[in-house]
Structure formats: structure tokens, C-alpha cells
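Undergrad: Take a look at input-v7.csv, CSV, C-alpha atoms:
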chain,number,residue,atom,x,y,z
A,1,PRO,CA,-136.6,42.7,25.3
A,2,PRO,CA,-139.4,41.8,27.8
A,3,GLY,CA,-139.7,44.2,30.7
A,4,ALA,CA,-140.9,43.9,34.3
A,5,PRO,CA,-142.3,41.7,35.7
A,6,TRP,CA,-140.4,39.5,33.2
A,7,LEU,CA,-136.6,39.0,33.5
A,8,SER,CA,-134.8,38.6,30.1
A,9,MET,CA,-131.3,37.6,29.2
A,10,GLY,CA,-130.0,36.9,25.7
A,11,PRO,CA,-131.4,37.6,22.2
A,12,ASN,CA,-135.1,38.1,23.0
A,13,SER,CA,-137.4,40.5,21.4
A,14,ILE,CA,-141.1,41.7,21.7
A,15,LEU,CA,-142.7,41.6,18.3
A,16,ALA,CA,-146.1,42.0,16.8
A,17,GLU,CA,-145.4,39.1,14.4
A,18,ALA,CA,-144.8,36.9,17.5
A,19,GLN,CA,-148.5,37.2,18.6
A,20,SER,CA,-150.3,33.9,18.8
A,21,PRO,CA,-153.6,33.4,16.9
A,22,PHE,CA,-155.1,31.3,19.7
A,23,ARG,CA,-157.8,33.0,21.8
A,24,HIS,CA,-159.1,30.2,24.0
A,25,ILE,CA,-157.3,31.5,27.1
A,26,HIS,CA,-156.5,35.2,26.6
A,27,PRO,CA,-158.2,37.8,24.4
A,28,ALA,CA,-156.5,38.8,21.1
A,29,GLY,CA,-153.3,40.6,21.9
A,30,THR,CA,-150.7,42.7,20.0
A,31,ARG,CA,-147.3,41.2,20.9
A,32,GLY,CA,-145.4,38.0,21.7
A,33,VAL,CA,-141.8,37.2,22.5
A,34,ARG,CA,-139.3,35.9,20.0
A,35,MET,CA,-136.3,34.0,21.4
A,36,ALA,CA,-133.2,33.1,19.4
A,37,ALA,CA,-130.3,30.9,20.3
A,38,GLY,CA,-127.9,32.3,22.8
A,39,LYS,CA,-126.1,30.8,25.8
A,40,PRO,CA,-127.8,27.7,27.2
A,41,ASN,CA,-128.9,29.7,30.3
A,42,ASP,CA,-130.2,32.7,28.3
A,43,GLY,CA,-133.9,33.1,28.3
A,44,ILE,CA,-136.9,34.7,30.1
A,45,ARG,CA,-138.2,34.2,33.6
A,46,PHE,CA,-141.6,35.1,35.1
A,47,VAL,CA,-142.4,35.0,38.9
A,48,PHE,CA,-146.1,34.7,39.6
A,49,PRO,CA,-147.6,37.5,41.7
A,50,GLU,CA,-148.9,34.8,44.1
A,51,PRO,CA,-147.6,31.3,44.3
A,52,VAL,CA,-149.8,28.3,43.4
A,53,ARG,CA,-149.7,25.6,46.0
A,54,ALA,CA,-150.7,22.0,45.4
A,55,ALA,CA,-153.9,21.1,47.2
A,56,LYS,CA,-155.7,17.8,47.5
A,57,GLY,CA,-158.3,17.3,44.8
A,58,THR,CA,-157.4,20.5,42.9
A,59,PRO,CA,-155.7,20.1,39.5
A,60,ILE,CA,-153.4,22.8,38.1
A,61,ASP,CA,-153.5,23.7,34.4
A,62,ILE,CA,-150.5,25.1,32.6
A,63,THR,CA,-150.7,26.4,29.0
A,64,CYS,CA,-148.4,28.1,26.5
A,65,ASP,CA,-148.5,28.8,22.7
A,66,ILE,CA,-145.4,28.1,20.7
A,67,ARG,CA,-144.2,28.6,17.1
A,68,LEU,CA,-140.9,27.4,15.6
A,69,VAL,CA,-139.4,30.2,13.5
A,70,ALA,CA,-136.0,28.7,12.4
A,71,PRO,CA,-134.7,25.2,13.0
A,72,ALA,CA,-131.5,24.3,14.9
A,73,GLY,CA,-129.9,21.2,16.2
A,74,GLY,CA,-130.8,21.7,19.9
A,75,SER,CA,-133.9,22.4,22.0
A,76,PHE,CA,-135.4,24.8,24.4
A,77,ARG,CA,-137.0,24.2,27.8
A,78,LEU,CA,-140.0,25.6,29.7
A,79,TYR,CA,-139.5,25.1,33.4
A,80,PHE,CA,-142.3,25.2,35.9
A,81,GLY,CA,-141.6,25.0,39.7
A,82,ARG,CA,-140.5,27.0,42.7
A,83,GLY,CA,-137.8,29.6,42.3
A,84,VAL,CA,-134.9,29.4,39.9
A,85,ILE,CA,-134.8,25.6,39.6
A,86,ALA,CA,-135.1,25.4,43.4
A,87,SER,CA,-137.9,22.8,43.2
A,88,THR,CA,-138.9,21.5,39.7
A,89,ALA,CA,-142.5,20.4,39.2
A,90,THR,CA,-142.3,19.7,35.5
A,91,ASP,CA,-140.7,20.8,32.2
A,92,ILE,CA,-141.5,20.9,28.5
A,93,SER,CA,-138.8,20.7,25.9
A,94,VAL,CA,-139.2,21.4,22.1
A,95,SER,CA,-136.7,20.7,19.4
A,96,ALA,CA,-137.1,21.1,15.6
A,97,GLY,CA,-138.5,17.6,15.4
A,98,GLU,CA,-140.3,16.7,18.6
A,99,VAL,CA,-141.9,17.8,21.9
A,100,ALA,CA,-140.9,16.1,25.2
A,101,VAL,CA,-142.3,16.5,28.7
A,102,ARG,CA,-140.6,15.6,32.0
A,103,ASP,CA,-141.4,12.0,33.2
A,104,GLY,CA,-139.9,11.7,36.7
A,105,ALA,CA,-136.2,12.2,36.5
A,106,GLY,CA,-136.1,11.9,32.6
A,107,TRP,CA,-137.9,13.0,29.5
A,108,LYS,CA,-140.8,11.5,27.5
A,109,VAL,CA,-141.3,12.4,23.8
A,110,VAL,CA,-145.0,13.1,23.5
A,111,GLY,CA,-145.3,14.1,19.9
A,112,LYS,CA,-143.8,15.6,16.8
A,113,ALA,CA,-143.2,19.3,16.6
A,114,PRO,CA,-145.3,21.0,13.9
A,115,PRO,CA,-143.5,22.4,10.9
A,116,VAL,CA,-141.6,25.7,11.1
A,117,GLY,CA,-144.1,28.6,11.0
A,118,THR,CA,-147.0,26.7,12.6
A,119,TRP,CA,-148.4,27.8,15.9
A,120,PHE,CA,-149.3,25.1,18.4
A,121,THR,CA,-150.6,25.2,22.0
A,122,ILE,CA,-149.5,22.8,24.7
A,123,ARG,CA,-151.6,22.0,27.8
A,124,LEU,CA,-150.5,20.3,31.0
A,125,THR,CA,-152.8,19.3,33.9
A,126,ILE,CA,-151.0,18.5,37.1
A,127,ASP,CA,-152.7,16.1,39.5
A,128,PRO,CA,-151.2,16.9,42.9
A,129,ASP,CA,-152.7,13.7,44.4
A,130,LYS,CA,-151.1,11.3,41.9
A,131,ARG,CA,-148.1,13.6,41.4
A,132,THR,CA,-148.6,13.1,37.6
A,133,CYS,CA,-149.5,15.3,34.6
A,134,ASP,CA,-151.7,14.8,31.6
A,135,GLY,CA,-151.9,17.0,28.5
A,136,GLY,CA,-151.9,17.5,24.8
A,137,LEU,CA,-150.6,19.4,21.8
A,138,ALA,CA,-152.9,21.1,19.3
A,139,THR,CA,-152.7,23.4,16.3
A,140,GLU,CA,-155.6,25.6,15.0
A,141,LYS,CA,-156.5,22.6,12.8
A,142,GLY,CA,-157.0,20.2,15.7
A,143,LEU,CA,-155.3,17.9,18.2
A,144,LEU,CA,-151.8,16.6,17.5
A,145,ALA,CA,-151.1,14.4,20.4
A,146,GLU,CA,-152.3,13.5,23.9
A,147,PHE,CA,-150.4,12.0,26.9
A,148,SER,CA,-151.1,11.0,30.4
A,149,GLY,CA,-149.6,9.6,33.6
A,150,LEU,CA,-146.2,11.4,33.3
A,151,LYS,CA,-144.6,11.7,36.7
A,152,LEU,CA,-143.7,15.0,38.2
A,153,HIS,CA,-140.2,15.6,39.5
A,154,PRO,CA,-139.8,13.4,42.6
A,155,GLY,CA,-138.4,16.3,44.6
A,156,TRP,CA,-141.2,18.9,43.9
A,157,ASP,CA,-142.3,20.5,47.1
A,158,GLY,CA,-145.8,21.5,45.9
A,159,VAL,CA,-145.1,25.2,45.2
A,160,LEU,CA,-145.4,26.6,41.7
A,161,ASP,CA,-144.3,30.3,41.4
A,162,THR,CA,-141.9,30.5,38.5
A,163,MET,CA,-141.8,29.9,34.7
A,164,ILE,CA,-138.5,29.9,32.8
A,165,CYS,CA,-137.7,29.4,29.2
A,166,ASP,CA,-134.1,28.7,28.3
A,167,GLY,CA,-131.9,26.5,26.1
A,168,LEU,CA,-131.5,23.6,28.5
A,169,GLY,CA,-133.9,21.2,26.8
A,170,HIS,CA,-133.8,17.4,26.1
A,171,VAL,CA,-131.5,17.8,23.0
A,172,ALA,CA,-128.2,19.6,23.5
A,173,GLY,CA,-127.1,22.3,21.1
A,174,PRO,CA,-128.3,25.7,19.9
A,175,CYS,CA,-132.1,26.0,20.3
A,176,PRO,CA,-134.4,26.8,17.4
A,177,THR,CA,-135.6,30.4,17.1
A,178,HIS,CA,-139.1,30.4,18.5
A,179,ASP,CA,-142.1,32.5,19.5
A,180,LEU,CA,-143.9,32.2,22.8
A,181,ASP,CA,-147.2,33.7,23.8
A,182,ASN,CA,-150.3,33.2,26.0
A,183,PHE,CA,-148.7,31.7,29.0
A,184,GLY,CA,-151.1,30.7,31.8
A,185,VAL,CA,-151.4,28.8,35.0
A,186,ALA,CA,-154.7,28.2,36.8
A,187,GLU,CA,-156.1,26.2,39.7
A,188,ASN,CA,-159.1,25.4,37.5
A,189,ARG,CA,-159.6,23.7,34.2
A,190,LEU,CA,-158.8,26.0,31.3
A,191,PRO,CA,-160.8,25.9,28.1
A,192,ALA,CA,-159.6,23.7,25.3
A,193,PRO,CA,-158.6,25.2,21.9
A,194,GLY,CA,-161.7,26.1,19.9
A,195,ALA,CA,-164.0,25.6,22.8
A,196,HIS,CA,-164.1,29.2,23.9
A,197,VAL,CA,-163.1,32.7,22.6
A,198,ALA,CA,-161.8,35.0,25.3
A,199,GLU,CA,-163.0,38.6,25.0
A,200,ALA,CA,-161.3,41.6,26.5
A,201,ARG,CA,-163.0,42.9,29.6
A,202,LYS,CA,-164.8,46.2,29.2
A,203,PRO,CA,-164.9,48.7,32.1
A,204,SER,CA,-168.2,49.4,33.7
A,205,ALA,CA,-170.0,52.8,33.0
A,206,ALA,CA,-168.9,54.0,36.5
A,207,ALA,CA,-165.3,53.0,35.9
A,208,ALA,CA,-165.3,54.6,32.5
A,209,GLY,CA,-166.6,57.8,34.0
A,210,GLU,CA,-163.9,57.8,36.7
A,211,LEU,CA,-161.2,57.2,34.1
A,212,ALA,CA,-162.5,60.1,32.0
A,213,ALA,CA,-162.5,62.4,35.0
A,214,ILE,CA,-158.9,61.4,35.8
A,215,GLY,CA,-158.0,62.2,32.2
A,216,VAL,CA,-159.5,65.7,32.5
A,217,GLU,CA,-157.6,66.4,35.7
A,218,ILE,CA,-154.3,65.1,34.1
A,219,GLY,CA,-154.9,67.5,31.2
A,220,LYS,CA,-155.4,70.4,33.6
A,221,ILE,CA,-152.2,69.6,35.4
A,222,LYS,CA,-150.2,69.3,32.2
A,223,GLU,CA,-151.6,72.7,31.0
A,224,ARG,CA,-150.6,74.4,34.3
A,225,MET,CA,-147.1,72.9,34.1
A,226,SER,CA,-146.7,74.2,30.6
A,227,ARG,CA,-147.3,77.8,31.6
A,228,PRO,CA,-144.2,80.1,32.0
A,229,ALA,CA,-143.1,80.5,35.6
A,230,PRO,CA,-144.3,83.8,37.1
A,231,VAL,CA,-141.8,86.7,37.5
A,232,PRO,CA,-141.1,87.3,41.2
A,233,ALA,CA,-142.2,90.7,42.5
A,234,TYR,CA,-138.7,91.4,43.8
A,235,PRO,CA,-135.4,90.2,42.5
A,236,VAL,CA,-134.2,87.1,44.3
How would this structure read if it were set down as C-alpha cells?
TA:
Amino acid sequence: PPGAPWLSMGPNSILAEAQSPFRHIHPAGTRGVRMAAGKPNDGIRFVFPEPVRAAKGTPIDITCDIRLVAPAGGSFRLYFGRGVIASTATDISVSAGEVAVRDGAGWKVVGKAPPVGTWFTIRLTIDPDKRTCDGGLATEKGLLAEFSGLKLHPGWDGVLDTMICDGLGHVAGPCPTHDLDNFGVAENRLPAPGAHVAEARKPSAAAAGELAAIGVEIGKIKERMSRPAPVPAYPV
């Protein structure tokens, strides 16, 4: 299951085959998380290293890549807010047939879910001034749906520091088995799918040299530790 800084409960696994093909936000990776139906509260949780706070005139972008693996009669939820449902900003919910997003105190269906086995990416842009969110769904082939003006939770206190995925979506019942990858939150506009290819950062020459030197020192320490302990001059 996912390890720190993620918290995981239920039938969750880290798999190479759960890796998203999208590269507009993060460079190509090697793993994603697969989540099967468990108890409604089972899922994963991530607490941001630093909270994002709503500021006048500064939109907040949220993104995540999703793939349905096996259908079921219920849905799963992606929660974004402060703490463990302490103050909800917005939610996304996905069933085998549709995708819904929070609209105030309820849900708004914003589009059809792609067929099982098809990766799609979802984007939300929170407007702290209007307390609304806009967004869209897209596959690698193009845009599926767009939406705008959905109301945030009326009680949100403006702090965003936690993401949760669990089985408490807009349709009750066992949630579809699904893959998640490439989660992101930013206080600036994130690239749209196909508009950018993220590349892994390469260390500078100086940093590479420092890492090489550290590797040499680690090798020396391991070699010394592997030597037999010296025999004392006098019995102890």
C-alpha cells in the first residue's frame, strides 16, 4: 500500500500498471495507486507539506488522473479541504457511468465517465473571490466536458491542506476499482493536457559531483564495516 507521507486504509496497492500516461503536469513516472472497493471510509489521504490558503485574485488549480479498472454500482470521492473533512472546499465523485463535482451543498453531474480502461484527467480551478470552481475532463484524445460556476462548500474556511479518496461518493454502494495518479495542487495555472510535456529535472554538474563524492564515502564506510572486528591485545 502507499507509504508516508500518504496514509492508506483498505485494499490499495502501488502498481506499475497504474501509472498514468499523462505528462502535462508531472514527468513520466513508474507507479500509480490502484484502489478496490472496501469499507466506505477506506481509502488514501495526503496532507500537503504546506497548506494552500485562499487569497484574493489568486486561483487554485487542482488536478488528478483517473482510470476505471472494474465497474461497480457505487462511486468514489476525492475530497479537497482542510483536515479530515474538517472544512470542505470541494469534492469530485466518479461512478461507472458519470463524473460529479460538488455544487454548494449537493452534487452536479458534469460529464460521462470514460469506458473502463481509459485514462482521463480532471481539472478544477477554484476562484476564491467568487467561491466557485470551473473545470473540465479530458482523455488523451481530447476534451470530454467542461463546467463552470459550481459553488464551493458554503462552510469552507479558505484553507486547503488535505486530499482524501474514499468510497463516499454521490452514488451509494461499492465503488469501482480504479487507478489514481498525478495528483497536484498549485496556486498558479497548470498546463492543459497536450499543451506541455513535463521533463524530469536533471541535477547540475556541481550537484552531480557532490552526489558522486557522497557515494564514494558511503562505499568506504560500508567497506570498513564489513571488515572483521580486530582481536583485542588482552582478553576482555
Undergrad: I want to know what sits within 9 Å of Pro154 of chain A, based on all atoms listed in the file, with residues of the same chain fewer than 2 positions away left out; could you give that as a PyMOL selection string?
TA: chain A and resi 88-89+104-105+131+151-152+156-157
Undergrad: Take the residues from that selection and write them out as a PDB file, keeping the file's coordinate frame, keeping C-alpha atoms.
TA:
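This is the output file again_0.pdb:
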ATOM      1  CA  THR A  88    -138.900  21.500  39.700  1.00  0.00           C
ATOM      2  CA  ALA A  89    -142.500  20.400  39.200  1.00  0.00           C
ATOM      3  CA  GLY A 104    -139.900  11.700  36.700  1.00  0.00           C
ATOM      4  CA  ALA A 105    -136.200  12.200  36.500  1.00  0.00           C
ATOM      5  CA  ARG A 131    -148.100  13.600  41.400  1.00  0.00           C
ATOM      6  CA  LYS A 151    -144.600  11.700  36.700  1.00  0.00           C
ATOM      7  CA  LEU A 152    -143.700  15.000  38.200  1.00  0.00           C
ATOM      8  CA  TRP A 156    -141.200  18.900  43.900  1.00  0.00           C
ATOM      9  CA  ASP A 157    -142.300  20.500  47.100  1.00  0.00           C
TER      10      ASP A 157
END
Undergrad: Could you work out an axis-aligned bounding box for all listed atoms of segment 52-55 of chain A, with 3 Å added on each of the six sides, and give its centre and edge lengths in Å to one decimal, as AutoDock Vina command-line options?
TA:
--center_x -151.8 --center_y 24.7 --center_z 45.3 --size_x 10.2 --size_y 13.2 --size_z 9.8
Undergrad: Find the residue from A:Gly149, A:Gly167, A:Pro49, A:Gly173 that sits nearest to Met35 of chain A; use only C-alpha atoms when measuring.
TA: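 Looking at the shortest contact to Met35 of chain A, the residue is A:Gly167.
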Undergrad: Using only C-alpha atoms, can you tell me which of A:Val101, A:Cys64, A:Leu124, A:Leu143 comes closest to His26 of chain A?
TA: A:Cys64
Undergrad: Taking (-138.2, 32.3, 21.7) in the file's coordinates, which residues come within 12 Å, counting only C-alpha atoms, written as an NGL selection string?
TA: :A and (1-2 or 8-15 or 18-19 or 32-38 or 42-44 or 65-71 or 75-78 or 94-95 or 164-167 or 175-181)
Undergrad: Select, from A:Ile122, A:Ala212, A:Ile60, A:Val52, the residue with the minimum atom-to-atom distance to Phe183 of chain A, counting only C-alpha atoms.
TA: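 Once distances to Phe183 of chain A are computed over only C-alpha atoms, the minimum belongs to A:Ile122.
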Undergrad: Of the residues A:Ala16, A:Val47, A:Ile92, A:Ala55, which is the one nearest to Gly169 of chain A, using all atoms listed in the file?
TA: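 Of the candidates, the smallest distance to Gly169 of chain A is held by A:Ile92.
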Undergrad: Name the closest residue to Leu7 of chain A among the candidates A:Gly29, A:Trp119, A:His24, A:Met163; distances are taken between atoms, counting only C-alpha atoms.
TA: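 When distances to Leu7 of chain A are compared using only C-alpha atoms, the smallest one comes from A:Met163.
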Undergrad: As an exercise, work out the distance from atom CA of Thr63 of chain A to atom CA of Ile25 of chain A in Å and give it to one decimal place.
TA: 8.6 Å
Undergrad: What's the separation between atom CA of Arg123 of chain A and atom CA of Asn182 of chain A, in Å to one decimal place?
TA: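 Distance between the two atoms: 11.4 Å.
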Undergrad: Can you tell me how far atom CA of Gly117 of chain A sits from atom CA of Ala172 of chain A, in Å to one decimal?
TA: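 Computed distance, atom CA of Gly117 of chain A to atom CA of Ala172 of chain A, equals 22.1 Å.
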